[in-house]
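Enquirer: Got a file for you: model13.csv, CSV, C-alpha atoms.
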```
chain,number,residue,atom,x,y,z
A,1,MET,CA,5.1,-6.8,35.6
A,2,GLU,CA,7.3,-5.2,38.3
A,3,TYR,CA,6.5,-2.0,40.2
A,4,LYS,CA,8.0,0.4,42.7
A,5,ILE,CA,6.2,3.1,44.7
A,6,HIS,CA,8.4,6.2,45.3
A,7,GLY,CA,7.9,9.1,47.7
A,8,THR,CA,5.9,9.7,50.9
A,9,VAL,CA,3.3,12.4,50.7
A,10,MET,CA,3.2,12.8,46.9
A,11,GLN,CA,3.9,9.3,45.7
A,12,SER,CA,4.6,8.0,42.2
A,13,LEU,CA,4.1,4.5,40.8
A,14,GLU,CA,6.8,3.2,38.5
A,15,ILE,CA,5.8,0.1,36.5
A,16,THR,CA,8.2,-2.0,34.4
A,17,LEU,CA,6.6,-4.1,31.7
A,18,VAL,CA,8.1,-6.8,29.5
A,19,GLN,CA,7.2,-7.3,25.9
A,20,GLY,CA,3.5,-8.1,25.5
A,21,GLU,CA,2.4,-6.9,28.9
A,22,SER,CA,-0.2,-4.1,29.2
A,23,VAL,CA,-1.6,-1.7,31.8
A,24,TYR,CA,-4.5,0.7,31.5
A,25,THR,CA,-5.6,3.9,33.1
A,26,GLU,CA,-8.0,6.8,32.7
A,27,SER,CA,-7.3,9.4,30.0
A,28,GLY,CA,-4.5,11.6,31.1
A,29,GLY,CA,-3.4,9.3,33.9
A,30,MET,CA,0.2,8.8,32.6
A,31,ALA,CA,3.0,11.0,33.9
A,32,TRP,CA,6.0,9.8,32.0
A,33,MET,CA,7.3,6.8,30.1
A,34,THR,CA,10.2,5.4,28.2
A,35,ASP,CA,10.3,4.3,24.5
A,36,GLY,CA,8.7,1.1,23.5
A,37,LEU,CA,5.1,1.5,24.7
A,38,ASP,CA,2.2,1.5,22.4
A,39,MET,CA,-0.7,3.7,23.5
A,40,LYS,CA,-4.3,3.0,22.5
A,41,THR,CA,-7.4,4.9,23.8
A,42,SER,CA,-10.8,3.3,23.6
A,43,GLY,CA,-14.2,3.1,25.3
A,44,ARG,CA,-13.1,-0.2,26.9
A,45,GLY,CA,-16.3,-2.2,27.2
A,46,GLY,CA,-18.8,-0.2,25.3
A,47,LEU,CA,-21.2,2.6,26.1
A,48,GLY,CA,-22.7,1.1,29.3
A,49,LYS,CA,-19.3,0.6,30.9
A,50,MET,CA,-18.2,4.1,29.8
A,51,ILE,CA,-21.2,5.7,31.5
A,52,GLY,CA,-20.7,3.5,34.6
A,53,ARG,CA,-17.1,4.6,34.8
A,54,LYS,CA,-18.0,8.3,34.5
A,55,LEU,CA,-20.5,8.0,37.4
A,56,ALA,CA,-17.8,6.3,39.4
A,57,GLY,CA,-15.5,9.3,38.9
A,58,GLU,CA,-13.3,8.0,36.0
A,59,SER,CA,-13.1,9.2,32.4
A,60,LEU,CA,-15.3,7.9,29.6
A,61,PHE,CA,-12.3,6.7,27.7
A,62,MET,CA,-9.4,4.6,29.0
A,63,THR,CA,-5.9,4.3,27.7
A,64,THR,CA,-4.0,1.1,27.4
A,65,TYR,CA,-0.2,1.0,27.3
A,66,THR,CA,1.4,-2.2,25.8
A,67,CYS,CA,5.1,-2.9,25.9
A,68,MET,CA,6.4,-3.5,22.4
A,69,ALA,CA,10.1,-3.6,23.4
A,70,PRO,CA,12.0,-6.1,25.6
A,71,THR,CA,11.2,-3.9,28.6
A,72,SER,CA,9.7,-0.4,29.1
A,73,MET,CA,8.9,1.8,32.1
A,74,ILE,CA,5.8,3.9,32.7
A,75,THR,CA,5.0,6.2,35.7
A,76,PHE,CA,1.7,7.3,37.1
A,77,THR,CA,1.1,9.9,39.8
A,78,PRO,CA,-1.9,10.6,42.0
A,79,GLU,CA,-4.2,13.6,41.7
A,80,SER,CA,-3.8,14.6,45.4
A,81,PRO,CA,-1.5,14.1,48.4
A,82,GLY,CA,-1.9,10.5,49.7
A,83,LYS,CA,-1.0,6.9,49.2
A,84,VAL,CA,-0.8,4.5,46.2
A,85,ILE,CA,-2.1,1.1,47.3
A,86,PRO,CA,-1.3,-2.0,45.3
A,87,VAL,CA,-4.2,-4.5,45.2
A,88,PRO,CA,-3.3,-8.0,44.0
A,89,LEU,CA,-6.5,-9.9,43.0
A,90,LYS,CA,-7.0,-13.5,42.2
A,91,ALA,CA,-9.3,-14.6,39.4
A,92,GLY,CA,-12.9,-13.7,40.3
A,93,HIS,CA,-11.9,-11.8,43.5
A,94,SER,CA,-12.9,-8.2,43.9
A,95,ILE,CA,-12.3,-5.1,46.0
A,96,ILE,CA,-14.6,-2.1,46.5
A,97,ALA,CA,-13.0,1.3,46.4
A,98,GLN,CA,-14.3,4.9,46.8
A,99,LYS,CA,-15.3,6.9,43.8
A,100,ASP,CA,-12.3,8.1,41.7
A,101,ALA,CA,-9.9,5.8,43.5
A,102,PHE,CA,-8.7,3.8,40.5
A,103,MET,CA,-5.3,4.7,39.3
A,104,CYS,CA,-4.2,1.9,36.8
A,105,ALA,CA,-4.3,-1.9,36.5
A,106,GLU,CA,-3.1,-4.8,34.5
A,107,ASP,CA,-5.1,-5.3,31.4
A,108,SER,CA,-6.8,-8.4,32.9
A,109,VAL,CA,-8.4,-6.5,35.7
A,110,GLY,CA,-12.0,-5.5,35.3
A,111,LEU,CA,-13.3,-2.0,36.4
A,112,GLU,CA,-17.0,-1.2,36.9
A,113,MET,CA,-19.3,1.0,38.9
A,114,HIS,CA,-20.5,-0.5,42.2
A,115,PHE,CA,-23.9,0.8,43.2
A,116,ARG,CA,-25.1,0.7,46.8
A,117,ARG,CA,-28.7,-0.5,46.6
A,118,ARG,CA,-29.9,0.0,50.2
A,119,LEU,CA,-32.2,2.9,50.6
A,120,GLY,CA,-30.4,4.5,53.5
A,121,THR,CA,-27.0,4.2,51.8
A,122,GLY,CA,-28.3,5.5,48.5
A,123,LEU,CA,-30.1,8.6,49.8
A,124,PHE,CA,-27.7,9.5,52.6
A,125,GLY,CA,-24.4,7.8,52.1
A,126,GLY,CA,-22.9,10.8,50.2
A,127,GLU,CA,-19.5,9.7,49.0
A,128,GLY,CA,-20.4,6.1,49.7
A,129,PHE,CA,-23.3,6.0,47.3
A,130,ILE,CA,-21.5,5.2,44.0
A,131,LEU,CA,-18.3,3.2,44.3
A,132,GLN,CA,-15.8,1.3,42.1
A,133,LYS,CA,-15.4,-2.4,41.8
A,134,LEU,CA,-12.1,-4.0,40.7
A,135,THR,CA,-12.1,-7.7,39.8
A,136,GLY,CA,-9.2,-10.0,39.1
A,137,PRO,CA,-7.1,-11.7,38.0
A,138,GLY,CA,-4.2,-9.2,38.1
A,139,THR,CA,-2.9,-6.3,40.1
A,140,ALA,CA,-4.7,-2.9,40.4
A,141,PHE,CA,-3.5,0.3,42.0
A,142,VAL,CA,-5.7,2.7,43.8
A,143,GLU,CA,-4.9,6.2,45.1
A,144,ILE,CA,-6.3,7.3,48.5
A,145,ALA,CA,-6.0,10.8,49.8
A,146,GLY,CA,-4.2,11.4,53.1
A,147,GLU,CA,-2.6,8.6,55.2
A,148,VAL,CA,-4.2,5.2,55.1
A,149,GLN,CA,-4.9,2.8,58.0
A,150,MET,CA,-6.1,-0.8,57.4
A,151,VAL,CA,-8.5,-2.4,59.9
A,152,GLU,CA,-9.3,-6.1,59.8
A,153,LEU,CA,-12.8,-6.7,61.1
A,154,GLN,CA,-13.7,-10.1,62.6
A,155,ALA,CA,-17.1,-11.7,61.8
A,156,GLY,CA,-19.8,-9.6,63.4
A,157,GLN,CA,-17.4,-6.8,64.5
A,158,ARG,CA,-18.7,-3.4,63.6
A,159,LEU,CA,-16.9,-0.1,62.9
A,160,ARG,CA,-18.8,3.3,62.6
A,161,VAL,CA,-17.2,5.7,60.2
A,162,ASP,CA,-17.8,9.0,58.5
A,163,PRO,CA,-18.5,7.8,55.0
A,164,GLY,CA,-15.9,10.1,53.5
A,165,HIS,CA,-13.1,8.3,55.4
A,166,ILE,CA,-13.8,4.9,53.7
A,167,GLY,CA,-11.2,4.4,51.1
A,168,MET,CA,-11.6,0.8,50.2
A,169,TYR,CA,-13.0,-2.5,51.6
A,170,GLU,CA,-13.4,-6.2,50.8
A,171,PRO,CA,-16.8,-7.4,49.5
A,172,THR,CA,-17.2,-9.6,52.5
A,173,VAL,CA,-17.7,-6.4,54.6
A,174,ASP,CA,-21.3,-5.3,55.0
A,175,TYR,CA,-21.8,-1.6,54.4
A,176,ASP,CA,-24.8,0.4,55.6
A,177,VAL,CA,-25.5,4.0,56.6
A,178,GLN,CA,-27.5,5.0,59.7
A,179,MET,CA,-28.8,8.3,61.1
A,180,ILE,CA,-27.1,9.7,64.2
A,181,LYS,CA,-29.5,9.7,67.1
A,182,GLY,CA,-30.2,12.9,69.1
A,183,VAL,CA,-31.2,16.4,68.0
A,184,MET,CA,-28.3,18.0,69.7
A,185,ASN,CA,-25.9,15.7,67.9
A,186,TRP,CA,-27.4,16.8,64.6
A,187,ILE,CA,-27.1,20.5,65.5
A,188,GLY,CA,-23.7,20.6,67.3
A,189,GLY,CA,-22.0,17.4,66.7
A,190,GLY,CA,-20.2,18.5,63.6
A,191,GLU,CA,-20.1,15.1,62.1
A,192,GLY,CA,-23.1,15.3,59.7
A,193,LEU,CA,-26.4,13.4,60.1
A,194,PHE,CA,-25.2,10.0,59.1
A,195,LEU,CA,-22.5,7.5,59.8
A,196,ALA,CA,-21.5,4.4,57.9
A,197,THR,CA,-21.6,1.1,59.7
A,198,LEU,CA,-19.1,-1.5,58.4
A,199,THR,CA,-19.6,-5.1,59.7
A,200,GLY,CA,-17.0,-7.8,59.3
A,201,PRO,CA,-15.5,-10.1,58.3
A,202,GLY,CA,-13.0,-8.4,56.0
A,203,ARG,CA,-10.5,-5.7,55.7
A,204,VAL,CA,-11.2,-2.0,55.5
A,205,TRP,CA,-8.8,0.8,54.3
A,206,LEU,CA,-9.5,4.2,56.0
A,207,GLN,CA,-8.2,7.6,54.8
A,208,THR,CA,-7.3,10.4,57.1
A,209,MET,CA,-8.1,13.2,54.6
A,210,PRO,CA,-11.2,13.0,52.5
A,211,LEU,CA,-10.9,15.3,49.5
A,212,SER,CA,-14.3,16.8,50.3
A,213,ASN,CA,-13.0,17.9,53.7
A,214,LEU,CA,-9.9,19.4,52.2
A,215,ALA,CA,-11.9,21.2,49.5
A,216,SER,CA,-14.3,22.7,52.1
A,217,LYS,CA,-11.4,24.0,54.2
A,218,ILE,CA,-9.6,25.6,51.2
A,219,SER,CA,-12.8,27.2,49.9
A,220,ARG,CA,-13.0,29.3,53.1
A,221,TYR,CA,-9.8,31.1,52.0
A,222,ILE,CA,-10.9,31.6,48.3
A,223,THR,CA,-12.5,34.9,47.5
A,224,THR,CA,-14.3,35.7,44.3
A,225,SER,CA,-14.3,39.0,42.6
```
Do you think you could lay out the structure here as structure tokens?
Expert:
Amino acid sequence: MEYKIHGTVMQSLEITLVQGESVYTESGGMAWMTDGLDMKTSGRGGLGKMIGRKLAGESLFMTTYTCMAPTSMITFTPESPGKVIPVPLKAGHSIIAQKDAFMCAEDSVGLEMHFRRRLGTGLFGGEGFILQKLTGPGTAFVEIAGEVQMVELQAGQRLRVDPGHIGMYEPTVDYDVQMIKGVMNWIGGGEGLFLATLTGPGRVWLQTMPLSNLASKISRYITTS
């Protein structure tokens, strides 16, 4: 499999497959493709995994594209302005991504819901409550809204983040949510009541434009009759 990422703000992912290679995506995820690709839609893993994917922001059904010709090309495009991030994963290695971040992956990559079990994270983490877990071997691609900045945390190093700005992180990073201290910070701080605390070691990918922030801003200019 070979791939190219085109564009800047509204990127596209172009994947070239050779005969026998496959990629899968959520239903409706493909933008355009050449001849020679066989398309098969299924529940991919049974009812339990289907429900888990739905909770994690993906479709119940997934579509697999298999190259039947010597070579074929298929293109995927993101649902919002932002970046397409390739994630090469070794066998048994995983990455944790925000809800609805999955774009597509080689057929060998596993996709499942990742549930934060800590009470604080579960009740107050908002966008960080239900996540996605991608496990290798193979290459996966995620879409993250806005610009993306990668931060590598050393062992014990902490980073406090609005939960909506966490696009993806390595499983070695500890993720918790804590309440902001001070009544005036609650009333006038404008940052919500809770912040996520990420503790290293490991890499974290941060996004500049959470979709919830964009939707909230746009909603102010929408009038209903």
Enquirer: In Å to one decimal, how far is CA of Gln149 in chain A from CA of Ser80 in chain A?
Expert: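 We find that CA of Ser80 in chain A and CA of Gln149 in chain A lie 17.3 Å from each other.
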Enquirer: When you count only C-alpha atoms, which of these residues is closest to Ala145 in chain A: A:Asn213, A:Thr16, A:Ser42, A:Gln207?
Expert: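 Closest to Ala145 in chain A, using only C-alpha atoms: A:Gln207.
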Enquirer: If we count all atoms listed in the file, what is near Thr8 in chain A at a cut-off of 10 Å, once residues fewer than 2 positions away on the same chain are taken out, given as an MDAnalysis selection string?
Expert: chainID A and resid 5:6 10:12 81:84 147
Enquirer: Separation of CA of Phe102 in chain A and CA of Thr135 in chain A, in Å?
Expert: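 So the answer is 12.0 Å.
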Enquirer: Using all atoms listed in the file, which residues sit within 10 Å of Leu17 in chain A once same-chain residues fewer than 4 positions away are excluded, as a list in words?
Expert: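 Neighbouring residues, sequence-local ones excluded: Met1, Glu2, Tyr3, Glu21, Ser22, Val23, Gly36, Leu37, Tyr65, Thr66, Cys67, Met68, Ala69, Pro70, Thr71, Ser72, Met73 and Ile74 of chain A.
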Enquirer: Give the answer as one residue: which of A:Gly110, A:Pro88, A:Gly146, A:Pro78 has the shortest atom-to-atom distance to Leu214 in chain A, using only C-alpha atoms?
Expert: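 Looking at the shortest contact to Leu214 in chain A, the residue is A:Gly146.
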Enquirer: So which one's closest to Lys99 in chain A, A:Val142, A:Met62, A:Met209, A:Ala155? Using only C-alpha atoms, please.
Expert: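 Looking at the shortest contact to Lys99 in chain A, the residue is A:Val142.
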Enquirer: Contacts of Val173 in chain A at 9 Å or less, counting all atoms listed in the file, minus same-chain residues fewer than 3 places along, as a list in words?
Expert: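 Neighbouring residues, sequence-local ones excluded: Leu153, Ala155, Tyr169, Glu170, Leu198, Thr199, Gly200, Pro201, Gly202, Arg203 and Val204 of chain A.
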Enquirer: Could you tell me how far CA of Pro86 in chain A lies from CA of Val177 in chain A, in Å and to one decimal?
Expert: 27.4 Å
Enquirer: Any idea what's packed within 7 Å of His165 in chain A, counting only C-alpha atoms, ignoring anything in its chain fewer than 5 positions away? Could you give it as a ChimeraX atom specification?
Expert: /A:206-208,210
Enquirer: Report as a list of chain:residue names all protein, DNA and RNA residues lying within 7 Å of Ser94 in chain A, evaluated on only C-alpha atoms, omitting residues in the same chain fewer than 4 positions from it.
Expert: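 That gives A:Leu89, A:Lys133, A:Leu134, A:Thr135, A:Gly136, A:Pro171.
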